[in-house]
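Pasted below: work.cif, mmCIF, C-alpha atoms.
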```
data_query
#
loop_
_atom_site.label_atom_id
_atom_site.label_comp_id
_atom_site.auth_asym_id
_atom_site.auth_seq_id
_atom_site.Cartn_x
_atom_site.Cartn_y
_atom_site.Cartn_z
CA MET Q 28 29.20 4.18 3.74
CA CYS Q 29 30.56 7.72 3.94
CA GLU Q 30 32.90 8.03 6.91
CA LYS Q 31 32.13 11.70 7.50
CA ARG Q 32 28.46 11.20 8.26
CA LYS Q 33 27.36 11.63 11.83
CA PRO Q 34 26.48 8.34 13.55
CA LYS Q 35 22.82 9.30 14.02
CA GLU Q 36 22.37 10.13 10.34
CA LEU Q 37 24.29 7.04 9.35
CA LEU Q 38 22.02 4.86 11.48
CA ILE Q 39 18.91 6.40 9.92
CA GLU Q 40 20.29 5.99 6.41
CA THR Q 41 21.37 2.41 6.97
CA ALA Q 42 18.08 1.42 8.59
CA SER Q 43 16.16 3.05 5.72
CA ARG Q 44 18.20 1.16 3.14
CA LEU Q 45 17.75 -2.17 4.92
CA PHE Q 46 13.99 -1.62 5.44
CA LYS Q 47 13.70 -0.93 1.70
CA ALA Q 48 15.56 -4.12 0.86
CA ARG Q 49 13.89 -6.48 3.33
CA GLY Q 50 10.88 -4.88 5.05
CA TYR Q 51 10.82 -3.78 8.69
CA CYS Q 52 10.43 -7.02 10.60
CA ALA Q 53 13.19 -8.91 8.78
CA VAL Q 54 15.85 -6.33 9.75
CA GLY Q 55 17.51 -6.80 13.14
CA LEU Q 56 19.38 -4.21 15.18
CA ASN Q 57 22.54 -6.23 14.64
CA ASP Q 58 22.11 -5.95 10.86
CA ILE Q 59 21.91 -2.17 11.25
CA ILE Q 60 24.96 -2.06 13.50
CA GLU Q 61 26.94 -4.25 11.13
CA ALA Q 62 25.95 -2.46 7.93
CA SER Q 63 26.45 1.04 9.38
CA GLY Q 64 29.65 0.35 11.29
CA VAL Q 65 28.21 2.39 14.18
CA PRO Q 66 28.83 0.75 17.58
CA LYS Q 67 25.92 -0.68 19.52
CA GLY Q 68 26.50 1.84 22.34
CA SER Q 69 25.99 4.74 19.94
CA LEU Q 70 22.81 3.21 18.59
CA TYR Q 71 21.37 2.96 22.11
CA HIS Q 72 22.62 6.46 22.89
CA TYR Q 73 20.65 7.99 20.00
CA PHE Q 74 17.78 5.50 20.02
CA PRO Q 75 17.41 4.14 23.56
CA GLU Q 76 14.15 2.44 22.64
CA GLY Q 77 15.80 0.54 19.79
CA LYS Q 78 14.56 -0.36 16.32
CA GLU Q 79 11.05 1.06 16.62
CA GLN Q 80 12.39 4.46 17.64
CA LEU Q 81 14.99 4.38 14.85
CA ALA Q 82 12.21 3.54 12.39
CA THR Q 83 10.02 6.45 13.51
CA ALA Q 84 13.05 8.77 13.16
CA ALA Q 85 13.62 7.40 9.63
CA ILE Q 86 9.94 7.99 8.81
CA HIS Q 87 10.02 11.60 10.10
CA ASN Q 88 13.21 12.23 8.16
CA THR Q 89 11.75 10.85 4.93
CA LYS Q 90 8.55 12.80 5.44
CA GLU Q 91 10.55 16.04 5.25
CA LEU Q 92 12.54 14.94 2.19
CA VAL Q 93 9.39 13.98 0.31
CA MET Q 94 7.65 17.24 1.35
CA GLU Q 95 10.48 19.23 -0.23
CA ASP Q 96 10.17 17.11 -3.34
CA ILE Q 97 6.41 17.61 -3.61
CA LYS Q 98 6.79 21.37 -3.04
CA ARG Q 99 9.49 21.58 -5.71
CA VAL Q 100 7.28 19.87 -8.30
CA PHE Q 101 4.17 21.89 -7.43
CA SER Q 102 5.99 25.22 -7.43
CA GLY Q 103 6.97 24.46 -11.04
CA SER Q 104 3.39 24.55 -12.34
CA PRO Q 105 0.38 26.82 -11.72
CA ASN Q 106 -2.07 24.01 -12.53
CA PRO Q 107 -2.26 21.34 -9.78
CA MET Q 108 -3.29 18.62 -12.26
CA ASP Q 109 -0.21 19.26 -14.43
CA ALA Q 110 2.00 19.31 -11.34
CA PHE Q 111 0.44 16.12 -10.03
CA GLN Q 112 1.01 14.44 -13.38
CA ALA Q 113 4.66 15.54 -13.37
CA TYR Q 114 5.05 14.19 -9.85
CA VAL Q 115 3.59 10.79 -10.70
CA TYR Q 116 5.91 10.58 -13.74
CA GLU Q 117 8.82 11.19 -11.36
CA LEU Q 118 7.54 8.45 -9.05
CA SER Q 119 7.33 6.06 -12.02
CA LYS Q 120 11.08 6.50 -12.56
CA VAL Q 121 12.02 6.35 -8.90
CA PHE Q 122 9.92 3.24 -8.18
CA GLY Q 123 10.64 1.53 -11.51
CA GLU Q 124 13.43 -0.99 -11.96
CA GLY Q 125 16.82 0.50 -11.19
CA GLY Q 126 15.24 3.51 -9.46
CA ASP Q 127 16.20 4.47 -5.92
CA PRO Q 128 13.42 6.00 -3.80
CA ILE Q 129 14.65 8.53 -1.25
CA GLY Q 130 14.75 7.76 2.46
CA SER Q 131 12.83 5.06 4.23
CA PRO Q 132 9.82 3.21 2.85
CA ILE Q 133 6.69 4.60 4.52
CA GLY Q 134 3.68 3.06 2.77
CA THR Q 135 5.02 -0.48 3.03
CA ILE Q 136 6.06 -0.05 6.68
CA ALA Q 137 2.63 1.44 7.45
CA GLY Q 138 1.05 -1.64 5.86
CA GLU Q 139 3.32 -4.03 7.74
CA LYS Q 140 3.18 -2.40 11.19
CA HIS Q 141 -0.17 -0.55 11.46
CA SER Q 142 -1.64 -3.20 13.70
CA THR Q 143 1.40 -3.98 15.86
CA SER Q 144 3.27 -0.72 16.50
CA GLU Q 145 1.38 2.39 17.59
CA PRO Q 146 4.53 4.61 17.39
CA ILE Q 147 5.16 3.53 13.78
CA ARG Q 148 1.49 3.78 12.83
CA LEU Q 149 1.27 7.29 14.31
CA ALA Q 150 4.47 8.42 12.57
CA CYS Q 151 3.10 7.16 9.23
CA ALA Q 152 -0.33 8.74 9.88
CA ALA Q 153 1.29 12.12 10.68
CA THR Q 154 3.36 11.83 7.50
CA PHE Q 155 0.29 11.11 5.38
CA LYS Q 156 -1.59 14.06 6.92
CA ASP Q 157 1.29 16.43 6.16
CA TRP Q 158 1.60 15.28 2.55
CA GLN Q 159 -2.15 15.56 2.04
CA ALA Q 160 -2.06 19.10 3.45
CA ILE Q 161 0.31 20.16 0.66
CA TYR Q 162 -1.95 18.68 -2.01
CA ALA Q 163 -4.99 20.32 -0.40
CA GLU Q 164 -3.26 23.73 -0.50
CA GLN Q 165 -2.73 23.33 -4.23
CA PHE Q 166 -6.38 22.54 -4.90
CA LEU Q 167 -7.48 25.43 -2.67
CA ALA Q 168 -5.18 27.80 -4.54
CA ALA Q 169 -6.69 26.54 -7.81
CA GLY Q 170 -10.17 27.58 -6.65
CA TYR Q 171 -11.72 24.42 -5.22
CA SER Q 172 -13.74 24.67 -2.00
CA GLU Q 173 -12.04 23.69 1.23
CA GLN Q 174 -14.00 20.47 1.48
CA GLN Q 175 -13.30 19.40 -2.08
CA ALA Q 176 -9.63 20.40 -1.83
CA SER Q 177 -9.15 18.15 1.18
CA GLY Q 178 -11.14 15.36 -0.49
CA LEU Q 179 -9.09 15.53 -3.68
CA ALA Q 180 -5.89 15.61 -1.64
CA ILE Q 181 -6.86 12.23 -0.17
CA VAL Q 182 -7.76 10.89 -3.63
CA PHE Q 183 -4.42 11.94 -5.07
CA HIS Q 184 -2.42 10.74 -2.12
CA ALA Q 185 -4.19 7.36 -2.28
CA LEU Q 186 -3.37 7.21 -5.99
CA THR Q 187 0.35 7.69 -5.31
CA GLU Q 188 0.44 5.13 -2.48
CA GLY Q 189 -1.53 2.60 -4.52
CA GLY Q 190 0.56 3.29 -7.63
CA ILE Q 191 3.80 2.80 -5.68
CA LEU Q 192 2.49 -0.50 -4.30
CA LEU Q 193 1.58 -1.69 -7.82
CA ALA Q 194 5.02 -0.62 -9.11
CA LEU Q 195 6.85 -2.47 -6.34
CA THR Q 196 4.71 -5.57 -6.84
CA MET Q 197 5.08 -5.55 -10.64
CA LYS Q 198 8.78 -4.60 -10.36
CA SER Q 199 8.08 -1.92 -12.93
CA GLY Q 200 7.39 1.80 -13.10
CA LYS Q 201 4.68 1.09 -15.69
CA PRO Q 202 1.63 1.26 -13.36
CA LEU Q 203 2.67 4.74 -12.18
CA GLU Q 204 3.37 5.76 -15.78
CA VAL Q 205 -0.13 4.65 -16.78
CA ILE Q 206 -1.63 6.57 -13.84
CA ALA Q 207 0.27 9.70 -14.90
CA GLU Q 208 -1.00 9.28 -18.48
CA GLN Q 209 -4.60 9.02 -17.28
CA ILE Q 210 -4.52 12.14 -15.09
CA PRO Q 211 -5.52 14.56 -17.88
CA PHE Q 212 -8.60 12.38 -18.52
CA LEU Q 213 -9.76 12.84 -14.93
CA LEU Q 214 -11.53 16.16 -15.35
CA ILE Q 215 -12.37 17.44 -11.95
CA LYS Q 216 -15.67 19.27 -11.60
CA LYS Q 217 -15.54 22.27 -9.26
CA MET R 852 -12.10 -22.55 14.98
CA CYS R 853 -14.99 -24.55 13.49
CA GLU R 854 -14.17 -28.20 14.00
CA LYS R 855 -15.80 -29.31 10.76
CA ARG R 856 -13.45 -27.37 8.51
CA LYS R 857 -10.93 -29.35 6.51
CA PRO R 858 -7.37 -28.96 7.82
CA LYS R 859 -6.14 -27.29 4.62
CA GLU R 860 -8.89 -24.67 4.72
CA LEU R 861 -8.38 -24.19 8.43
CA LEU R 862 -4.66 -23.57 7.91
CA ILE R 863 -5.37 -20.98 5.19
CA GLU R 864 -7.99 -19.26 7.33
CA THR R 865 -5.80 -19.20 10.42
CA ALA R 866 -2.74 -17.95 8.53
CA SER R 867 -4.87 -15.23 6.90
CA ARG R 868 -6.21 -14.10 10.25
CA LEU R 869 -2.75 -14.00 11.84
CA PHE R 870 -1.20 -12.18 8.84
CA LYS R 871 -3.97 -9.58 9.17
CA ALA R 872 -3.28 -9.13 12.88
CA ARG R 873 0.53 -9.08 12.80
CA GLY R 874 1.88 -8.90 9.24
CA TYR R 875 3.60 -11.78 7.42
CA CYS R 876 7.07 -11.84 8.95
CA ALA R 877 5.93 -11.72 12.59
CA VAL R 878 3.83 -14.90 12.23
CA GLY R 879 5.65 -18.19 12.76
CA LEU R 880 4.58 -21.65 11.59
CA ASN R 881 4.20 -22.60 15.25
CA ASP R 882 1.72 -19.77 15.77
CA ILE R 883 -0.34 -21.10 12.86
CA ILE R 884 -0.18 -24.66 14.19
CA GLU R 885 -1.18 -23.55 17.67
CA ALA R 886 -4.00 -21.23 16.60
CA SER R 887 -5.45 -23.69 14.07
CA GLY R 888 -5.08 -26.83 16.15
CA VAL R 889 -3.90 -28.61 12.99
CA PRO R 890 -0.91 -30.87 13.64
CA LYS R 891 2.49 -29.96 12.22
CA GLY R 892 2.52 -33.11 10.08
CA SER R 893 -0.70 -32.02 8.34
CA LEU R 894 0.70 -28.57 7.68
CA TYR R 895 3.75 -30.08 5.97
CA HIS R 896 1.54 -32.53 4.11
CA TYR R 897 -0.50 -29.73 2.51
CA PHE R 898 2.27 -27.14 2.39
CA PRO R 899 5.59 -28.98 2.15
CA GLU R 900 7.41 -25.72 1.46
CA GLY R 901 6.09 -24.11 4.63
CA LYS R 902 4.89 -20.62 5.40
CA GLU R 903 5.65 -19.07 2.02
CA GLN R 904 3.60 -21.72 0.24
CA LEU R 905 0.76 -21.36 2.73
CA ALA R 906 0.82 -17.59 2.16
CA THR R 907 0.62 -17.94 -1.62
CA ALA R 908 -2.34 -20.33 -1.18
CA ALA R 909 -4.01 -17.76 1.10
CA ILE R 910 -3.39 -15.04 -1.50
CA HIS R 911 -4.88 -17.15 -4.34
CA ASN R 912 -7.86 -17.99 -2.18
CA THR R 913 -8.50 -14.34 -1.29
CA LYS R 914 -8.07 -13.32 -4.91
CA GLU R 915 -11.06 -15.48 -5.83
CA LEU R 916 -13.21 -14.23 -2.94
CA VAL R 917 -12.51 -10.59 -3.83
CA MET R 918 -13.19 -11.27 -7.54
CA GLU R 919 -16.65 -12.57 -6.65
CA ASP R 920 -17.22 -9.51 -4.53
CA ILE R 921 -16.16 -7.09 -7.28
CA LYS R 922 -18.32 -8.93 -9.84
CA ARG R 923 -21.33 -8.81 -7.50
CA VAL R 924 -21.04 -5.05 -7.05
CA PHE R 925 -20.43 -4.34 -10.74
CA SER R 926 -23.30 -6.55 -11.89
CA GLY R 927 -25.59 -4.37 -9.76
CA SER R 928 -25.01 -1.23 -11.81
CA PRO R 929 -24.79 -0.50 -15.55
CA ASN R 930 -22.52 2.53 -14.96
CA PRO R 931 -18.96 1.56 -13.93
CA MET R 932 -18.44 4.81 -12.02
CA ASP R 933 -21.54 4.20 -9.87
CA ALA R 934 -20.45 0.61 -9.29
CA PHE R 935 -16.95 1.69 -8.41
CA GLN R 936 -18.30 4.22 -5.95
CA ALA R 937 -20.51 1.57 -4.33
CA TYR R 938 -17.51 -0.76 -4.09
CA VAL R 939 -15.31 1.86 -2.39
CA TYR R 940 -18.13 2.60 0.09
CA GLU R 941 -18.17 -1.11 0.92
CA LEU R 942 -14.39 -1.07 1.40
CA SER R 943 -14.73 1.92 3.75
CA LYS R 944 -16.91 -0.21 6.03
CA VAL R 945 -14.81 -3.33 5.77
CA PHE R 946 -11.49 -1.54 6.41
CA GLY R 947 -12.88 0.91 8.98
CA GLU R 948 -12.73 0.25 12.71
CA GLY R 949 -14.58 -2.89 13.68
CA GLY R 950 -14.70 -4.08 10.06
CA ASP R 951 -13.41 -7.49 9.04
CA PRO R 952 -11.84 -7.72 5.58
CA ILE R 953 -12.27 -11.10 3.91
CA GLY R 954 -9.40 -13.53 3.51
CA SER R 955 -5.73 -12.72 3.69
CA PRO R 956 -4.24 -9.25 3.39
CA ILE R 957 -2.72 -8.88 -0.08
CA GLY R 958 -1.65 -5.25 -0.49
CA THR R 959 0.21 -5.16 2.80
CA ILE R 960 1.90 -8.54 2.20
CA ALA R 961 2.89 -7.38 -1.31
CA GLY R 962 4.43 -4.28 0.28
CA GLU R 963 6.23 -6.28 2.93
CA LYS R 964 7.53 -9.16 0.77
CA HIS R 965 7.91 -7.82 -2.80
CA SER R 966 11.68 -7.63 -2.49
CA THR R 967 12.34 -10.82 -0.54
CA SER R 968 9.90 -13.49 -1.78
CA GLU R 969 9.43 -14.07 -5.51
CA PRO R 970 6.60 -16.62 -4.96
CA ILE R 971 4.65 -14.12 -2.83
CA ARG R 972 5.40 -11.21 -5.14
CA LEU R 973 4.24 -13.23 -8.17
CA ALA R 974 1.05 -14.39 -6.40
CA CYS R 975 0.23 -10.75 -5.53
CA ALA R 976 1.09 -9.55 -9.05
CA ALA R 977 -1.20 -12.21 -10.58
CA THR R 978 -3.97 -11.17 -8.19
CA PHE R 979 -3.62 -7.51 -9.11
CA LYS R 980 -3.71 -8.34 -12.84
CA ASP R 981 -6.90 -10.38 -12.44
CA TRP R 982 -8.67 -7.66 -10.43
CA GLN R 983 -7.62 -5.03 -12.95
CA ALA R 984 -8.96 -7.20 -15.77
CA ILE R 985 -12.45 -7.06 -14.22
CA TYR R 986 -12.31 -3.28 -13.95
CA ALA R 987 -11.05 -3.01 -17.52
CA GLU R 988 -13.98 -5.11 -18.77
CA GLN R 989 -16.41 -2.69 -17.13
CA PHE R 990 -14.84 0.34 -18.78
CA LEU R 991 -14.74 -1.47 -22.15
CA ALA R 992 -18.41 -2.35 -21.83
CA ALA R 993 -19.15 1.31 -21.04
CA GLY R 994 -17.60 2.37 -24.35
CA TYR R 995 -14.02 3.32 -23.52
CA SER R 996 -11.23 2.27 -25.90
CA GLU R 997 -9.19 -0.78 -24.96
CA GLN R 998 -6.18 1.33 -24.03
CA GLN R 999 -8.15 3.72 -21.88
CA ALA R 1000 -10.12 0.92 -20.24
CA SER R 1001 -6.93 -0.80 -19.14
CA GLY R 1002 -5.43 2.52 -18.02
CA LEU R 1003 -8.48 3.41 -15.95
CA ALA R 1004 -8.51 -0.07 -14.45
CA ILE R 1005 -5.01 0.57 -13.09
CA VAL R 1006 -6.06 4.01 -11.81
CA PHE R 1007 -9.05 2.57 -9.97
CA HIS R 1008 -7.17 -0.38 -8.61
CA ALA R 1009 -4.40 1.92 -7.33
CA LEU R 1010 -7.09 4.07 -5.70
CA THR R 1011 -8.48 1.09 -3.80
CA GLU R 1012 -5.05 -0.16 -2.68
CA GLY R 1013 -3.97 3.33 -1.63
CA GLY R 1014 -7.30 3.99 0.09
CA ILE R 1015 -7.05 0.72 2.02
CA LEU R 1016 -3.53 1.61 3.13
CA LEU R 1017 -4.70 5.04 4.33
CA ALA R 1018 -7.64 3.46 6.17
CA LEU R 1019 -5.41 0.93 7.93
CA THR R 1020 -2.89 3.61 8.86
CA MET R 1021 -5.53 6.05 10.11
CA LYS R 1022 -7.50 3.22 11.80
CA SER R 1023 -10.59 4.63 10.13
CA GLY R 1024 -12.77 4.00 7.09
CA LYS R 1025 -12.89 7.77 6.52
CA PRO R 1026 -10.22 8.01 3.78
CA LEU R 1027 -12.08 5.40 1.69
CA GLU R 1028 -15.37 7.17 2.37
CA VAL R 1029 -13.87 10.45 1.15
CA ILE R 1030 -12.54 8.73 -1.98
CA ALA R 1031 -16.00 7.27 -2.66
CA GLU R 1032 -17.56 10.72 -2.23
CA GLN R 1033 -15.12 12.25 -4.74
CA ILE R 1034 -15.70 9.66 -7.47
CA PRO R 1035 -18.65 11.49 -9.08
CA PHE R 1036 -16.43 14.57 -9.40
CA LEU R 1037 -13.87 12.63 -11.44
CA LEU R 1038 -15.55 12.97 -14.82
CA ILE R 1039 -13.76 10.71 -17.20
CA LYS R 1040 -13.32 11.97 -20.75
CA LYS R 1041 -13.74 9.29 -23.39
#
```
Let me see whether you can do it: turn the structure in this file into structure tokens.
Amino acid sequence: MCEKRKPKELLIETASRLFKARGYCAVGLNDIIEASGVPKGSLYHYFPEGKEQLATAAIHNTKELVMEDIKRVFSGSPNPMDAFQAYVYELSKVFGEGGDPIGSPIGTIAGEKHSTSEPIRLACAATFKDWQAIYAEQFLAAGYSEQQASGLAIVFHALTEGGILLALTMKSGKPLEVIAEQIPFLLIKK
Amino acid sequence: MCEKRKPKELLIETASRLFKARGYCAVGLNDIIEASGVPKGSLYHYFPEGKEQLATAAIHNTKELVMEDIKRVFSGSPNPMDAFQAYVYELSKVFGEGGDPIGSPIGTIAGEKHSTSEPIRLACAATFKDWQAIYAEQFLAAGYSEQQASGLAIVFHALTEGGILLALTMKSGKPLEVIAEQIPFLLIKK
């Protein structure tokens, strides 16, 4: 795409885009080489273990991008429920028709590869833990106990992953929009 | 496996089992033929369009099995929140280590194939709609407005799909167990 990108970044970006379009298994290394314009030798220089290693790099990279995004939304509101609602509204646009989610798909690759690739499963599991830790911090700061904060973090993370899956399957941001609308009705007892 | 099964059922069962173990894309028709012991000619007799058609049949079949399961759990409790909690506890066992989810995976196949197979995407979308309709009925019967009942149905369905994805990725029923534990704290305003 952009000629000034470094080959490693370009490989990660191209792989992410192809995984989004076709899923993990249906993308071959040759597709990535062709679409990125990066020579095969460079790919094996940066990712000697091939596609699986490139995928885990793409997952780590996306984890960081999404963390920044979550932090940005949560720093904008003192109430974690309001912030969570704002975040799910953003997801409804990004995962709705015409939207363009950042980075590599993670939930769908986790679903596809959890049973057949330990490196990919572990990269996805580490990503999920890190995202949940940010949510948990917000609930802690809002006065919930440690146990309930970590429980609610899992609930809210599951809601986003499930909502994204429904949006992709329905080809519409509507399910995430409906989830965002319902958040104020979920009064959380401390 | 069981010699008395009809070839069509045996093909659906075998495909479901292999999709669960490896994902959709990594399973070939030859794997299904070999593992089921059903001859190739029979496979093309029942599923002339091949793997995609067999997968949509497996999805429809699983949809019905899960519907019965949801109805069984909800008929056991007059309060939809209690029933939902009981259902998520069941999921935590089924999707935890050593558990054996019924039928074909649906969420993970939806995630893998939503962008590349319209027949599979539509079969998964129809399944999701039907499951959500059962949840919505429960909330309606418990006195919520039609709009809120359908909204909450999407919230609870997203929670199950997200929770299942977390359980598969963590190789543990714990995330679903935590979600079940938190349900009584999600007081829903009417």
What residues in chain Q have any atom no more than 8 Å from chain R when counting only C-alpha atoms, and can you write them as a PDB file with C-alpha atoms, in the frame of the given file?
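Produced file part_39.pdb, reproduced below:
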```pdb
ATOM      1  CA  ALA Q  48      15.560  -4.120   0.860  1.00  0.00           C
ATOM      2  CA  ARG Q  49      13.890  -6.480   3.330  1.00  0.00           C
ATOM      3  CA  GLY Q  50      10.880  -4.880   5.050  1.00  0.00           C
ATOM      4  CA  TYR Q  51      10.820  -3.780   8.690  1.00  0.00           C
ATOM      5  CA  CYS Q  52      10.430  -7.020  10.600  1.00  0.00           C
ATOM      6  CA  ALA Q  53      13.190  -8.910   8.780  1.00  0.00           C
ATOM      7  CA  GLY Q 134       3.680   3.060   2.770  1.00  0.00           C
ATOM      8  CA  THR Q 135       5.020  -0.480   3.030  1.00  0.00           C
ATOM      9  CA  ILE Q 136       6.060  -0.050   6.680  1.00  0.00           C
ATOM     10  CA  ALA Q 137       2.630   1.440   7.450  1.00  0.00           C
ATOM     11  CA  GLY Q 138       1.050  -1.640   5.860  1.00  0.00           C
ATOM     12  CA  GLU Q 139       3.320  -4.030   7.740  1.00  0.00           C
ATOM     13  CA  LYS Q 140       3.180  -2.400  11.190  1.00  0.00           C
ATOM     14  CA  HIS Q 141      -0.170  -0.550  11.460  1.00  0.00           C
ATOM     15  CA  SER Q 142      -1.640  -3.200  13.700  1.00  0.00           C
ATOM     16  CA  THR Q 143       1.400  -3.980  15.860  1.00  0.00           C
ATOM     17  CA  ARG Q 148       1.490   3.780  12.830  1.00  0.00           C
ATOM     18  CA  LEU Q 149       1.270   7.290  14.310  1.00  0.00           C
ATOM     19  CA  CYS Q 151       3.100   7.160   9.230  1.00  0.00           C
ATOM     20  CA  ALA Q 152      -0.330   8.740   9.880  1.00  0.00           C
ATOM     21  CA  PHE Q 155       0.290  11.110   5.380  1.00  0.00           C
ATOM     22  CA  GLN Q 175     -13.300  19.400  -2.080  1.00  0.00           C
ATOM     23  CA  GLY Q 178     -11.140  15.360  -0.490  1.00  0.00           C
ATOM     24  CA  LEU Q 179      -9.090  15.530  -3.680  1.00  0.00           C
ATOM     25  CA  ILE Q 181      -6.860  12.230  -0.170  1.00  0.00           C
ATOM     26  CA  VAL Q 182      -7.760  10.890  -3.630  1.00  0.00           C
ATOM     27  CA  HIS Q 184      -2.420  10.740  -2.120  1.00  0.00           C
ATOM     28  CA  ALA Q 185      -4.190   7.360  -2.280  1.00  0.00           C
ATOM     29  CA  LEU Q 186      -3.370   7.210  -5.990  1.00  0.00           C
ATOM     30  CA  THR Q 187       0.350   7.690  -5.310  1.00  0.00           C
ATOM     31  CA  GLU Q 188       0.440   5.130  -2.480  1.00  0.00           C
ATOM     32  CA  GLY Q 189      -1.530   2.600  -4.520  1.00  0.00           C
ATOM     33  CA  GLY Q 190       0.560   3.290  -7.630  1.00  0.00           C
ATOM     34  CA  LEU Q 192       2.490  -0.500  -4.300  1.00  0.00           C
ATOM     35  CA  LEU Q 193       1.580  -1.690  -7.820  1.00  0.00           C
ATOM     36  CA  LEU Q 195       6.850  -2.470  -6.340  1.00  0.00           C
ATOM     37  CA  THR Q 196       4.710  -5.570  -6.840  1.00  0.00           C
ATOM     38  CA  MET Q 197       5.080  -5.550 -10.640  1.00  0.00           C
ATOM     39  CA  PRO Q 202       1.630   1.260 -13.360  1.00  0.00           C
ATOM     40  CA  VAL Q 205      -0.130   4.650 -16.780  1.00  0.00           C
ATOM     41  CA  ILE Q 206      -1.630   6.570 -13.840  1.00  0.00           C
ATOM     42  CA  GLN Q 209      -4.600   9.020 -17.280  1.00  0.00           C
ATOM     43  CA  PHE Q 212      -8.600  12.380 -18.520  1.00  0.00           C
ATOM     44  CA  LEU Q 213      -9.760  12.840 -14.930  1.00  0.00           C
ATOM     45  CA  LEU Q 214     -11.530  16.160 -15.350  1.00  0.00           C
ATOM     46  CA  ILE Q 215     -12.370  17.440 -11.950  1.00  0.00           C
ATOM     47  CA  LYS Q 216     -15.670  19.270 -11.600  1.00  0.00           C
ATOM     48  CA  LYS Q 217     -15.540  22.270  -9.260  1.00  0.00           C
TER      49      LYS Q 217
END
```
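Run against this file, the PyMOL selection byres ((chain R and resi 898) around 12) gives back Pro858, Lys859, Glu860, Leu862, Ile863, Leu880, Lys891, Gly892, Ser893, Leu894, Tyr895, His896, Tyr897, Pro899, Glu900, Gly901, Lys902, Glu903, Gln904, Leu905, Ala906, Thr907, Ala908 and Ala909 of chain R.
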Completion exercise
Between CA of Glu997 in chain R and CA of Asp933 in chain R lies a distance of 20.1 Å
I'd like the contact shell of Gly927 in chain R - 12 Å cut-off, only C-alpha atoms, skipping same-chain residues fewer than 6 positions apart - returned as a PDB file with C-alpha atoms, in the frame of the given file.
```
ATOM      1  CA  ASP R 920     -17.220  -9.510  -4.530  1.00  0.00           C
ATOM      2  CA  ILE R 921     -16.160  -7.090  -7.280  1.00  0.00           C
ATOM      3  CA  ASP R 933     -21.540   4.200  -9.870  1.00  0.00           C
ATOM      4  CA  ALA R 934     -20.450   0.610  -9.290  1.00  0.00           C
ATOM      5  CA  PHE R 935     -16.950   1.690  -8.410  1.00  0.00           C
ATOM      6  CA  GLN R 936     -18.300   4.220  -5.950  1.00  0.00           C
ATOM      7  CA  ALA R 937     -20.510   1.570  -4.330  1.00  0.00           C
ATOM      8  CA  TYR R 938     -17.510  -0.760  -4.090  1.00  0.00           C
ATOM      9  CA  GLN R 989     -16.410  -2.690 -17.130  1.00  0.00           C
TER      10      GLN R 989
END
```
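Coordinates place CA of Ile884 in chain R at a distance of 11.7 Å from CA of Glu864 in chain R.
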